[in-house]
Each structure stands twice: as C-alpha cells, then as structure tokens.
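S.K.: Here you go, this is start.txt (compact mmCIF, C-alpha atoms).
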# COMPACT_ATOMS: atom_id res chain seq x y z
CA MET F 1 38.46 6.69 12.43
CA ILE F 2 41.51 4.39 12.30
CA TYR F 3 42.30 5.37 15.90
CA GLN F 4 38.82 4.23 17.00
CA TYR F 5 39.27 0.93 15.18
CA ILE F 6 42.50 0.34 17.11
CA LYS F 7 40.92 1.53 20.36
CA GLN F 8 37.97 -0.85 20.02
CA PHE F 9 40.12 -3.74 18.80
CA SER F 10 39.69 -6.65 21.22
CA PHE F 11 43.08 -8.14 22.08
CA LEU F 12 41.29 -10.52 24.45
CA GLU F 13 39.40 -12.09 21.52
CA LEU F 14 42.68 -12.45 19.62
CA ILE F 15 44.40 -14.25 22.52
CA LYS F 16 41.37 -16.47 23.12
CA SER F 17 41.32 -17.54 19.46
CA ILE F 18 45.03 -18.39 19.47
CA LEU F 19 44.65 -20.45 22.65
CA GLN F 20 41.61 -22.24 21.18
CA ALA F 21 43.61 -23.16 18.07
CA LEU F 22 46.49 -24.50 20.19
CA GLY F 23 43.96 -26.36 22.33
CA ILE F 24 42.61 -28.10 19.22
CA LEU F 25 46.21 -29.00 18.28
CA TRP F 26 46.83 -30.51 21.71
CA LEU F 27 43.58 -32.48 21.57
CA LEU F 28 44.49 -33.95 18.14
CA VAL F 29 47.96 -34.90 19.38
CA GLU F 30 46.54 -36.69 22.41
CA ILE F 31 43.91 -38.57 20.39
CA THR F 32 46.33 -39.71 17.65
CA SER F 33 48.93 -40.68 20.26
CA PHE F 34 46.40 -42.88 22.06
CA PHE F 35 44.90 -44.55 18.98
CA PHE F 36 47.62 -44.49 16.33
CA GLY F 37 50.94 -44.20 18.12
CA LYS F 38 53.73 -41.67 18.49
CA TYR F 39 54.50 -41.30 14.76
CA TRP F 40 51.16 -39.71 13.87
CA SER F 41 51.05 -37.50 16.95
CA ASP F 42 54.57 -36.21 16.22
CA THR F 43 53.57 -35.50 12.62
CA ILE F 44 50.58 -33.41 13.73
CA ARG F 45 52.69 -31.66 16.40
CA SER F 46 55.17 -30.58 13.72
CA TYR F 47 52.43 -28.45 12.16
CA TRP F 48 51.97 -26.35 15.30
CA TRP F 49 52.82 -23.19 13.32
CA LEU F 50 49.85 -23.79 11.02
CA PHE F 51 47.45 -23.95 13.97
CA PHE F 52 49.07 -20.80 15.40
CA ILE F 53 48.61 -18.89 12.13
CA LEU F 54 45.00 -20.07 11.76
CA GLY F 55 44.35 -18.96 15.34
CA ILE F 56 45.72 -15.50 14.57
CA ILE F 57 43.61 -15.19 11.40
CA TRP F 58 40.44 -16.28 13.19
CA GLY F 59 41.29 -14.05 16.15
CA LEU F 60 41.81 -10.99 13.96
CA TYR F 61 38.41 -11.60 12.36
CA ARG F 62 36.71 -11.85 15.75
CA ALA F 63 38.63 -9.01 17.36
CA TRP F 64 38.38 -6.39 14.58
CA PRO F 65 35.60 -3.83 15.20
CA LYS F 66 32.55 -4.37 13.01
CA LEU F 67 30.78 -1.67 11.01
CA SER F 68 27.38 -3.22 11.64
CA VAL F 69 25.55 -5.35 14.20
CA ARG F 70 22.14 -6.90 13.59
CA GLU F 71 19.67 -9.08 15.47
CA ARG F 72 16.20 -10.46 14.85
CA ILE F 73 13.44 -9.74 17.34
CA LEU F 74 12.28 -12.90 19.10
CA ASP F 75 9.30 -14.68 17.48
CA THR F 76 9.18 -12.24 14.58
CA ASP F 77 10.77 -11.71 11.17
CA VAL F 78 11.73 -8.14 12.09
CA ASP F 79 15.43 -7.19 12.10
CA VAL F 80 17.08 -4.37 14.03
CA GLU F 81 20.47 -3.18 12.83
CA VAL F 82 22.92 -0.55 14.04
CA ARG F 83 25.57 0.46 11.52
CA ILE F 84 28.18 3.09 10.80
CA GLY F 85 27.72 4.91 7.51
CA ASN F 86 25.71 7.40 5.51
CA MET F 87 21.97 6.90 6.01
CA PHE F 88 21.14 8.59 2.70
CA SER F 89 23.02 5.91 0.78
CA LEU F 90 20.52 3.26 1.94
CA PRO F 91 17.46 2.37 -0.18
CA TYR F 92 15.09 2.66 2.78
CA ALA F 93 12.50 5.12 4.04
CA PHE F 94 14.16 7.83 6.12
CA ILE F 95 13.09 9.05 9.55
CA ILE F 96 13.91 12.77 9.67
CA GLY F 97 13.93 14.63 12.98
CA SER F 98 12.15 17.96 12.57
CA ASN F 99 10.43 20.52 14.82
CA THR F 100 6.90 21.02 16.08
CA THR F 101 6.21 23.74 13.49
CA PHE F 102 7.87 21.78 10.67
CA ASP F 103 10.01 24.72 9.63
CA THR F 104 12.21 24.02 6.62
CA SER F 105 14.15 27.18 5.72
CA ILE F 106 17.89 26.67 5.31
CA GLU F 107 18.69 30.07 3.81
CA ASP F 108 18.12 31.97 7.08
CA ASN F 109 19.67 29.13 9.14
CA THR F 110 16.38 28.19 10.79
CA ILE F 111 17.37 24.67 9.79
CA SER F 112 21.10 24.03 9.85
CA PRO F 113 22.47 22.60 6.58
CA LYS F 114 24.52 20.25 8.78
CA SER F 115 21.45 18.73 10.44
CA VAL F 116 19.86 15.53 9.12
CA GLN F 117 16.88 17.55 7.91
CA GLY F 118 19.19 20.05 6.22
CA GLN F 119 21.18 17.31 4.50
CA PHE F 120 17.99 15.61 3.31
CA THR F 121 16.68 18.91 1.95
CA LYS F 122 19.85 19.68 0.02
CA LYS F 123 20.18 16.15 -1.36
CA PHE F 124 16.61 15.34 -2.38
CA CYS F 125 14.50 18.52 -2.49
CA SER F 126 14.57 20.66 -5.61
CA SER F 127 13.05 23.59 -3.70
CA ILE F 128 11.95 24.55 -0.20
CA LYS F 129 8.54 25.54 -1.60
CA LEU F 130 7.97 22.01 -2.86
CA LEU F 131 8.99 20.53 0.50
CA ASP F 132 6.66 22.92 2.32
CA LYS F 133 3.79 21.97 0.02
CA LEU F 134 4.39 18.25 0.60
CA LEU F 135 4.50 18.74 4.37
CA GLU F 136 1.39 20.91 4.33
CA ASP F 137 -0.52 18.27 2.36
CA SER F 138 0.74 15.52 4.66
CA LEU F 139 -0.32 17.43 7.79
CA SER F 140 -3.76 18.22 6.40
CA GLY F 141 -6.27 16.84 8.88
CA VAL F 142 -3.71 16.40 11.67
CA PRO F 143 -4.81 18.28 14.83
CA VAL F 144 -2.94 21.56 15.40
CA LYS F 145 -1.77 22.05 18.98
CA ALA F 146 -1.53 25.84 18.81
CA ILE F 147 -1.17 28.82 16.51
CA LYS F 148 1.88 30.83 17.51
CA ASN F 149 1.90 34.62 17.30
CA LYS F 150 4.78 36.68 15.93
CA ARG F 151 5.95 37.69 19.41
CA GLU F 152 6.32 34.05 20.46
CA LYS F 153 7.87 33.02 17.15
CA PRO F 154 9.01 35.90 14.95
CA PHE F 155 10.15 33.61 12.14
CA GLY F 156 8.90 30.76 9.99
CA LYS F 157 5.68 28.84 10.38
CA LEU F 158 3.14 29.44 13.14
CA LYS F 159 1.12 26.21 13.24
CA GLU F 160 2.47 24.05 16.03
CA TYR F 161 1.89 20.28 16.31
CA ASP F 162 2.43 17.85 19.17
CA LEU F 163 5.82 16.26 19.73
CA GLY F 164 5.89 12.90 17.97
CA THR F 165 3.67 14.08 15.08
CA VAL F 166 4.61 12.28 11.86
CA ALA F 167 4.39 13.80 8.38
CA PRO F 168 5.16 11.25 5.65
CA ILE F 169 6.26 12.63 2.29
CA GLU F 170 7.66 11.26 -0.96
CA ILE F 171 10.01 13.35 -3.08
CA ASN F 172 12.15 12.34 -6.06
CA GLY F 173 11.34 8.71 -5.40
CA LYS F 174 12.42 8.87 -1.75
CA LYS F 175 10.03 8.22 1.14
CA ALA F 176 10.63 10.14 4.34
CA TYR F 177 8.85 10.47 7.67
CA PHE F 178 9.33 13.95 9.16
CA VAL F 179 8.88 13.72 12.92
CA ALA F 180 8.42 16.60 15.38
CA ILE F 181 11.14 15.96 17.98
CA ALA F 182 12.07 19.49 19.12
CA ILE F 183 10.53 22.87 19.91
CA PHE F 184 11.87 26.20 18.63
CA ASN F 185 12.24 29.20 20.88
CA GLN F 186 12.13 32.78 19.61
CA HIS F 187 15.87 32.71 18.89
CA LYS F 188 15.70 29.78 16.44
CA VAL F 189 17.11 27.39 19.03
CA ALA F 190 15.47 23.96 19.02
CA SER F 191 15.44 21.75 22.11
CA VAL F 192 13.62 18.89 23.78
CA GLY F 193 13.74 17.48 27.32
CA ARG F 194 14.51 13.88 28.23
CA VAL F 195 10.98 13.09 29.44
CA ASP F 196 9.37 14.64 26.36
CA PHE F 197 11.74 12.73 24.08
CA LEU F 198 10.96 9.38 25.71
CA ASP F 199 7.24 10.17 25.48
CA LEU F 200 7.37 11.10 21.79
CA LEU F 201 9.08 7.89 20.60
CA PRO F 202 5.97 5.66 21.00
CA LYS F 203 3.89 8.38 19.29
CA MET F 204 6.38 8.43 16.42
CA TRP F 205 6.16 4.67 15.86
CA ASP F 206 2.38 4.85 16.16
CA GLY F 207 2.29 7.57 13.50
CA ILE F 208 4.52 5.56 11.17
CA ARG F 209 2.39 2.46 11.75
CA ASN F 210 -0.84 4.31 10.98
CA ARG F 211 0.47 6.33 8.03
CA GLY F 212 3.34 4.21 6.72
CA GLY F 213 3.83 1.91 3.78
CA PHE F 214 5.62 -1.04 5.48
CA GLU F 215 9.04 -0.06 4.09
CA PRO F 216 12.36 -0.83 5.81
CA LEU F 217 13.15 2.17 8.01
CA CYS F 218 16.39 4.08 8.33
CA CYS F 219 16.84 6.26 11.40
CA PRO F 220 19.63 8.59 12.58
CA ILE F 221 20.43 8.95 16.27
CA LEU F 222 17.43 11.17 16.93
CA GLY F 223 18.08 13.94 19.46
CA SER F 224 21.87 13.71 19.27
CA GLY F 225 22.48 16.95 17.41
CA PHE F 226 20.56 20.21 17.17
CA SER F 227 17.79 19.05 19.53
CA ARG F 228 20.25 19.65 22.37
CA LEU F 229 19.04 16.62 24.29
CA ASN F 230 21.13 15.86 27.37
CA MET F 231 21.59 12.14 26.70
CA THR F 232 24.56 10.23 25.34
CA ARG F 233 24.38 8.79 21.85
CA GLU F 234 24.44 5.25 23.21
CA GLU F 235 21.53 6.09 25.54
CA LEU F 236 19.60 7.49 22.59
CA ILE F 237 20.27 4.37 20.50
CA HIS F 238 19.07 2.21 23.39
CA GLU F 239 15.83 4.17 23.76
CA ILE F 240 15.12 4.19 20.01
CA ILE F 241 15.60 0.41 19.84
CA LYS F 242 13.58 -0.32 22.98
CA SER F 243 10.68 1.81 21.80
CA PHE F 244 10.73 0.17 18.35
CA ILE F 245 10.67 -3.34 19.84
CA ALA F 246 7.80 -2.33 22.13
CA ALA F 247 5.92 -0.89 19.13
CA THR F 248 6.30 -4.14 17.16
CA SER F 249 4.53 -5.99 19.96
CA GLU F 250 1.39 -4.04 19.05
CA ALA F 251 1.59 -4.64 15.29
CA LYS F 252 4.29 -5.16 12.66
CA PHE F 253 4.75 -2.06 10.52
CA SER F 254 8.23 -2.70 9.10
CA GLU F 255 10.49 -5.70 8.73
CA ARG F 256 13.70 -3.78 9.37
CA LEU F 257 14.94 -0.81 11.35
CA VAL F 258 18.46 0.46 10.70
CA VAL F 259 19.86 2.99 13.17
CA VAL F 260 22.74 4.76 11.44
CA ILE F 261 25.78 6.16 13.23
CA THR F 262 27.76 8.79 11.36
CA PRO F 263 31.48 8.09 10.80
CA SER F 264 32.26 11.33 12.69
CA ASP F 265 30.40 10.08 15.79
CA PHE F 266 32.31 6.81 15.60
CA SER F 267 35.63 8.60 15.11
CA ALA F 268 34.92 10.83 18.09
CA GLY F 269 34.59 7.73 20.27
CA HIS F 270 30.91 8.24 21.13
CA ILE F 271 29.92 4.69 20.14
CA ASN F 272 31.08 1.19 21.09
CA LEU F 273 29.43 -1.26 18.72
CA ARG F 274 30.47 -4.26 20.86
CA GLU F 275 28.46 -2.91 23.78
CA ILE F 276 25.56 -2.05 21.50
CA LYS F 277 25.60 -5.62 20.13
CA LYS F 278 25.27 -7.00 23.67
CA PHE F 279 22.38 -4.63 24.34
CA LEU F 280 20.73 -5.52 21.02
CA GLU F 281 20.98 -9.26 21.67
CA TYR F 282 19.40 -8.83 25.09
CA GLU F 283 16.58 -6.53 23.98
CA CYS F 284 15.62 -8.60 20.93
CA ILE F 285 15.08 -11.59 23.23
CA TYR F 286 13.98 -10.25 26.59
CA GLY F 287 12.63 -6.87 25.52
CA ARG F 288 10.29 -8.63 23.13
CA SER F 289 9.15 -11.16 25.74
CA LEU F 290 8.43 -8.37 28.24
CA THR F 291 6.36 -6.33 25.80
CA LYS F 292 4.67 -9.24 24.01
CA PRO F 293 0.88 -9.08 24.53
CA LYS F 294 -0.39 -11.81 26.82
CA ILE F 295 -3.17 -14.04 25.55
CA LYS F 296 -6.17 -13.77 27.82
CA GLU F 297 -7.35 -17.08 29.22
CA GLU F 298 -10.87 -18.13 28.39
CA ILE F 299 -13.00 -18.39 31.50
CA GLY F 300 -15.74 -20.97 31.34
CA THR F 301 -17.01 -24.29 32.54
CA PRO F 302 -14.68 -27.19 31.66
CA ILE F 303 -16.22 -29.93 29.55
CA LEU F 304 -16.12 -33.29 31.34
For the file at hand, write its structure as structure tokens.
M.R.:
Amino acid sequence: MIYQYIKQFSFLELIKSILQALGILWLLVEITSFFFGKYWSDTIRSYWWLFFILGIIWGLYRAWPKLSVRERILDTDVDVEVRIGNMFSLPYAFIIGSNTTFDTSIEDNTISPKSVQGQFTKKFCSSIKLLDKLLEDSLSGVPVKAIKNKREKPFGKLKEYDLGTVAPIEINGKKAYFVAIAIFNQHKVASVGRVDFLDLLPKMWDGIRNRGGFEPLCCPILGSGFSRLNMTREELIHEIIKSFIAATSEAKFSERLVVVITPSDFSAGHINLREIKKFLEYECIYGRSLTKPKIKEEIGTPIL
C-alpha cells in the first residue's frame, strides 16, 4: 500500500505549490519596495526560506494521495463518496452483491467466504438458516423468473429471480440490500455479462428506492470479484456512480452513497483516486444536468 501511495504521489502539485509560495514572496517584495522602500522589501526577502518551507508543506498536503474523495450532486443535498477502507466498519446500509437464486451456503463453497456476501454472512449472521429465512420473507411476493430443476442446478436453491432484484433484510441491527447481480451455472460458477450488468443497475436503484428506508448507502465495487465481469474496477465505479446519479433524478432515496475500495485493490494499483475525483466532479455537475427531468411547458393562450 505504501508503494501505491508513492506511485500516486503528485510531484507536479508539490512543485506548483513551491512556485506559488515563491511567487507570493516576489509579489510582496515588489509591493513593499514600491510603497515603503528598499528596507522593508529586503526584510521580507530575507525570509525566503520561510516561504519555501510553507510551500513544501502545502505542496505535500496537496500532492499526497487521499483516502477519500466526495462531491455533492448538483442542485441536491445528495453526496457521492469513493473511499478506501472496510465497508463493514461504516454505520450505513450495505449493498451486497448476490446471485439470482439468492444462495447463501458457505460450507460447501457455493458462496466464497472471501466474497462480500461471504464476509457479511460471517460477520453479522448467526446462522445460514436465519439468513435464508430473512431472504425468503423479503422475497415473498416478488415475481419468480423460473424454477430450476436439479439437472440445471444440482445444488442450493431453485427459485430464480431477475437480475437486479433487491431483497432488503435487517440482521443484528444491520440493514442490508441483497442484490441479484450474477447467475450460477451447474458448476457453482457465478457470472454476468457487461450488458446485463449495466441493465441491472437501474433496476437495483429502483428496488432500493421502492423498498428502502432512506439510509446512507455503502456499496462495494459490484461485479469486480466473483461475478467474473470483464470490466476494470474504475469502469465499474464509473457505472455505479452514473447509474446512481441518474436514479436520483427520478426521486431521492438516500442522501449519501459511499463506494468502498478495498485496501488490497488500492495496493494492487487498480484504482487512481485522483482520476476518480475528476470523474466524480464532472458527473455530479453534468451527469445530473443531463438526467434532470425537464419541466414541461404549459401550452395555452397568453393573457393580454
């Protein structure tokens, strides 16, 4: 992780800050020389080292990679944040990527203990049976896409739901939205295609809007792990953010979305937060203006 900090350290920002500090020094010297004479300008010039040190300090602050970037969506009070850390340490409602049959078993490795769903299960669920009961209750009344047979799916659950289906649950005081983002094959391999993933994101936000409780939302980089989606992590972050901003143009359903990057992804060099910050700034202004509903003009006879 230290290597990535050094790699993403911006020496350009450091140099710019030092030059800005020296530029301020030169400006003060010129002004005092013109108005107050050579004595005062020479006195200020003698403190050049102080301006140099202040420039270095300010430059280090600006150049050092940040652990978090955040922006507010234009004309709203909704924040979008991307941060490095552990999503389960945040006091928010979790978005948990699951599968279209909402399988939960960790013991037979249907769900990997290393996946976000597996980590959530181990950390917050006292038993798989309880989790299954909560999911079953949550999905009661939700249309079933198909009932698999044992030849198609010789393990786990057989009721299959559409991609993007949301199952909200609350367990041990923690709210979570399980979302169907991948499809299992008969060998317990989950996957989703690019087109299907982009299509399911609006459905996911719609499900959270219709079944949610207006909590701040915490989301991993959906599709980056066991879903085997052929997109980079930065691409996935972009699509998650764009779809969320588009969804807020329909109705506000949360005042904050936090997309969490794991320290291992950051250490591996998959993420550049400076580039994500630029993208976030752009989307929160222009993405919002492009998706903002237009007010229909009243057509009628003008009053003279």
S.K.: Atom CA of F:Lys157 and atom CA of F:Phe102 are how many Å apart?
M.R.: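 Distance between the two atoms: 7.4 Å.
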S.K.: If you count all atoms listed in the file, which residues fall within 6 Å of F:Ser254, apart from same-chain ones fewer than 6 positions away, as an NGL selection string?
M.R.: :F and (214-216)
S.K.: Could you turn the residues from that selection into a file that holds C-alpha atoms, as a PDB file, in the frame of the given file?
M.R.:
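To be explicit, this is the file written out as selection34.pdb:
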ATOM      1  CA  PHE F 214       5.620  -1.040   5.480  1.00  0.00           C
ATOM      2  CA  GLU F 215       9.040  -0.060   4.090  1.00  0.00           C
ATOM      3  CA  PRO F 216      12.360  -0.830   5.810  1.00  0.00           C
TER       4      PRO F 216
END
S.K.: Calculated over all atoms listed in the file, which of the candidates F:Val259, F:Lys252, F:Asn109, F:Asp137 has the smallest distance to F:His187?
M.R.: F:Asn109
S.K.: Please indicate the distance in Å from atom CA of F:Phe36 to atom CA of F:Leu22, rounded to one decimal place.
M.R.: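 If I compute the distance from atom CA of F:Phe36 to atom CA of F:Leu22, I get 20.4 Å.
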S.K.: Using only C-alpha atoms and a cutoff of 12 Å, can you tell me which residues are near (16.1, 29.0, 8.6) in the file's coordinates, and write them out as a ChimeraX atom specification?
M.R.: /F:99,102-113,115,117-118,128,154-157,184,187-190
S.K.: Quick one: pull the distance between atom CA of F:Asp132 and atom CA of F:Leu158, Å, one decimal.
M.R.: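 So the two atoms, atom CA of F:Asp132 and atom CA of F:Leu158, lie 13.1 Å apart.
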S.K.: Go through F:Ile183, F:Val166, F:Ala251, F:Ala268 one by one, measure the shortest atom-to-atom distance of each to F:Lys148 using only C-alpha atoms, and give the residue with the smallest value.
M.R.: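 Closest candidate: F:Ile183.
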S.K.: Counting only C-alpha atoms, figure out which residue out of F:Gly97, F:Gly23, F:Gly85, F:Gly59 gets nearest to F:Ser224.
M.R.: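 Between F:Gly97, F:Gly23, F:Gly85, F:Gly59, the residue approaching F:Ser224 most closely is F:Gly97.
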S.K.: Around all of stretch 193-209 of chain F's listed atoms, make the axis-aligned box with 3 Å on each side and tell me centre and edge lengths in Å to one decimal, as JSON.
M.R.:
{"center_x": 8.4, "center_y": 10.0, "center_z": 20.3, "size_x": 18.2, "size_y": 21.0, "size_z": 24.3}
S.K.: Quick one: residues within 12 Å of (23.0, 6.9, 2.0) (file frame), counting all atoms listed in the file, please, as a short mmCIF file (atom, residue, chain, number, x, y, z; two decimals) with C-alpha atoms, in the frame of the given file.
M.R.:
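Output contents, as saved in part_19.cif:
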data_model
loop_
_atom_site.label_atom_id
_atom_site.label_comp_id
_atom_site.auth_asym_id
_atom_site.auth_seq_id
_atom_site.Cartn_x
_atom_site.Cartn_y
_atom_site.Cartn_z
CA ARG F 83 25.57 0.46 11.52
CA ILE F 84 28.18 3.09 10.80
CA GLY F 85 27.72 4.91 7.51
CA ASN F 86 25.71 7.40 5.51
CA MET F 87 21.97 6.90 6.01
CA PHE F 88 21.14 8.59 2.70
CA SER F 89 23.02 5.91 0.78
CA LEU F 90 20.52 3.26 1.94
CA PRO F 91 17.46 2.37 -0.18
CA TYR F 92 15.09 2.66 2.78
CA ALA F 93 12.50 5.12 4.04
CA PHE F 94 14.16 7.83 6.12
CA VAL F 116 19.86 15.53 9.12
CA GLN F 119 21.18 17.31 4.50
CA PHE F 120 17.99 15.61 3.31
CA LYS F 123 20.18 16.15 -1.36
CA PHE F 124 16.61 15.34 -2.38
CA LYS F 174 12.42 8.87 -1.75
CA CYS F 218 16.39 4.08 8.33
CA CYS F 219 16.84 6.26 11.40
CA PRO F 220 19.63 8.59 12.58
CA VAL F 258 18.46 0.46 10.70
CA VAL F 260 22.74 4.76 11.44
CA ILE F 261 25.78 6.16 13.23
CA THR F 262 27.76 8.79 11.36
#
S.K.: Which residue is closest to F:Leu67? Choose from F:Leu14, F:Ala176, F:Ala246, F:Val82 and count only C-alpha atoms.
M.R.: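 Of all the options, F:Val82 lies closest to F:Leu67.
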S.K.: Find the residues around F:Phe244 up to 12 Å (only C-alpha atoms counted), leave out those fewer than 4 positions away in its own chain, and share them as a PyMOL selection string.
M.R.: chain F and resi 73+78-81+198+200-206+208-209+217+219+237-240+248-259+280+283-284+287-288+291
